[in-house]
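To keep things clear, I will list the structure first and then write my remarks on it.
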Amino acid sequence: MRFTTGGTTRAVGVGVLVLSLALTGCGGKKDKKKHKRGSSSSHGRTVGGGTGATGGKRTGTGSVGAARQAQAILPPLDTMPAALRHVGTELHSRAKAPSVCKDPGGKCKGAVANGQVGYLTGDRTEGASYELIAYRDTRAAERAFAAWETYVHNNSREITVLDGAPQGNDSTIYAYKSPAKRNTVTMVIRQDEYIGTLDLRDTSGRAAGRKDLAALSEVYAQRLAQATRNETPSATAAHVKV
């Protein structure tokens, strides 16, 4: 299985929408109101491409800059393997913490932005779902990842920890035992102040043994690392065969 991190890909993906007027301060009366970071006024989907991290520390771009960066890191359609180019969840990001803060509990603490995208095969037998959470600093991300590890290792009745090549600063891989999720394998990667999760689903039941997850997660980790080096994320899995 071969893949490339060479050519530069577009940071703008499928379903990208501009920042809401409330976030840009161009909304008439709304520009006079001050909004707290992560408030319900920060729901605008953002355009990718901005950088806001140096050495794992946020540089003052705040939740809006973090949302832009999340948009850039999440893989757009043309970086996916040919078989996984049917959009399940449009690429988008938000300047706020995730709305679901369990499994593990505490993963939203210190979060300032998040984004999602998902892709499927044409017959929907396989899918790759990506989520990215940006935290206020590296320490907050470290604490959130520690919560993930605790969740994984304390739920041995529901989760099986898998072996795999480490990615980023920290990573963990696990599969589910329950009938509803037994076809899903999850990779969690922390890179500086970001945590990215990749869920690979295969209804044929072979997800845990497939090499697809290893290739896709390595590309994801490289996009995270590129962003934290203030580079435009360009790693691609377009040549991976799944």
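Residue numbering restarts at 1 for every chain of the structure tokens, chains are lettered A, B, ... in their displayed order, and ligands are numbered from 1 as they appear.
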
Note to self: So that I can check the secondary structure, give me every residue of segment 56-191 of chain A assigned strand (DSSP E or B) by backbone DSSP, as a count of residues only.
What the structure shows: 50

Next item on the list: Write down as JSON, numbers by chain the residues of segment 63-186 of chain A whose backbone DSSP state falls under helix (DSSP H, G or I).
Entry: {"A": [63, 64, 65, 66, 67, 68, 69, 70, 71, 72, 73, 77, 78, 79, 82, 83, 84, 138, 139, 140, 141, 142, 143, 144, 145, 146, 147, 148, 149, 150, 151, 152, 153]}

Give me a file of those residues, with C-alpha atoms, as a PDB file, in the first residue's frame.
```pdb
ATOM      1  CA  SER A  63     -11.245  30.006  18.522  1.00  0.00           C
ATOM      2  CA  VAL A  64     -11.873  31.486  15.065  1.00  0.00           C
ATOM      3  CA  GLY A  65      -8.261  30.930  14.019  1.00  0.00           C
ATOM      4  CA  ALA A  66      -8.385  27.425  15.479  1.00  0.00           C
ATOM      5  CA  ALA A  67     -11.519  26.672  13.463  1.00  0.00           C
ATOM      6  CA  ARG A  68      -9.797  27.830  10.286  1.00  0.00           C
ATOM      7  CA  GLN A  69      -6.853  25.617  11.070  1.00  0.00           C
ATOM      8  CA  ALA A  70      -9.097  22.636  11.763  1.00  0.00           C
ATOM      9  CA  GLN A  71     -10.715  23.225   8.371  1.00  0.00           C
ATOM     10  CA  ALA A  72      -7.304  23.099   6.705  1.00  0.00           C
ATOM     11  CA  ILE A  73      -6.130  19.952   8.514  1.00  0.00           C
ATOM     12  CA  LEU A  77     -12.226  15.105  -1.025  1.00  0.00           C
ATOM     13  CA  ASP A  78      -9.338  15.103  -3.478  1.00  0.00           C
ATOM     14  CA  THR A  79      -6.918  13.770  -0.839  1.00  0.00           C
ATOM     15  CA  ALA A  82     -10.561   6.884  -5.064  1.00  0.00           C
ATOM     16  CA  ALA A  83     -12.860   4.337  -3.419  1.00  0.00           C
ATOM     17  CA  LEU A  84     -13.707   6.727  -0.555  1.00  0.00           C
ATOM     18  CA  THR A 138      -0.804  21.851  24.375  1.00  0.00           C
ATOM     19  CA  ARG A 139      -1.372  21.135  28.061  1.00  0.00           C
ATOM     20  CA  ALA A 140      -5.146  21.088  27.594  1.00  0.00           C
ATOM     21  CA  ALA A 141      -4.746  18.648  24.693  1.00  0.00           C
ATOM     22  CA  GLU A 142      -2.467  16.432  26.791  1.00  0.00           C
ATOM     23  CA  ARG A 143      -5.093  16.260  29.529  1.00  0.00           C
ATOM     24  CA  ALA A 144      -7.810  15.432  27.017  1.00  0.00           C
ATOM     25  CA  PHE A 145      -5.705  12.653  25.500  1.00  0.00           C
ATOM     26  CA  ALA A 146      -5.070  11.259  28.978  1.00  0.00           C
ATOM     27  CA  ALA A 147      -8.858  11.101  29.406  1.00  0.00           C
ATOM     28  CA  TRP A 148      -9.049   9.119  26.147  1.00  0.00           C
ATOM     29  CA  GLU A 149      -6.462   6.629  27.343  1.00  0.00           C
ATOM     30  CA  THR A 150      -8.271   6.207  30.659  1.00  0.00           C
ATOM     31  CA  TYR A 151     -11.568   5.647  28.838  1.00  0.00           C
ATOM     32  CA  VAL A 152     -10.037   3.037  26.532  1.00  0.00           C
ATOM     33  CA  HIS A 153      -8.231   1.070  29.223  1.00  0.00           C
TER      34      HIS A 153
END
```

Check: Residues at most 10 Å from Arg85 of chain A, counting only C-alpha atoms, excluding those fewer than 6 positions away in the same chain, as number ranges by chain?
Finding: A: 76-79, 118-122, 127, 238

Notebook entry, point to check: What does the distance between atom CA of Ser129 of chain A and atom CA of Thr186 of chain A come to in Å, to one decimal place?
Noted result: 9.4 Å

Check: Hey, which of A:Leu213, A:Val240, A:Ser234, A:Glu158 ends up closest to Asp103 of chain A? Count only C-alpha atoms.
Finding: A:Glu158

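The space separating atom CA of His92 of chain A from atom CA of Pro75 of chain A comes to 10.7 Å.
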
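Atom CA of Thr236 of chain A is positioned 17.4 Å from atom CA of Met187 of chain A.
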
Item checked: Residue with smallest distance to Gly164 of chain A - pool A:Ala214, A:Leu91, A:Ile195, A:Leu224, counting only C-alpha atoms -> A:Ala214

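Closest approach to Leu200 of chain A among A:Thr125, A:Lys241, A:Thr228, A:Thr172: A:Thr125, based on only C-alpha atoms.
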
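Distances here use only C-alpha atoms; by that measure, the residue among A:Glu90, A:Arg223, A:Ala113, A:Tyr130 closest to Gly168 of chain A is A:Arg223.
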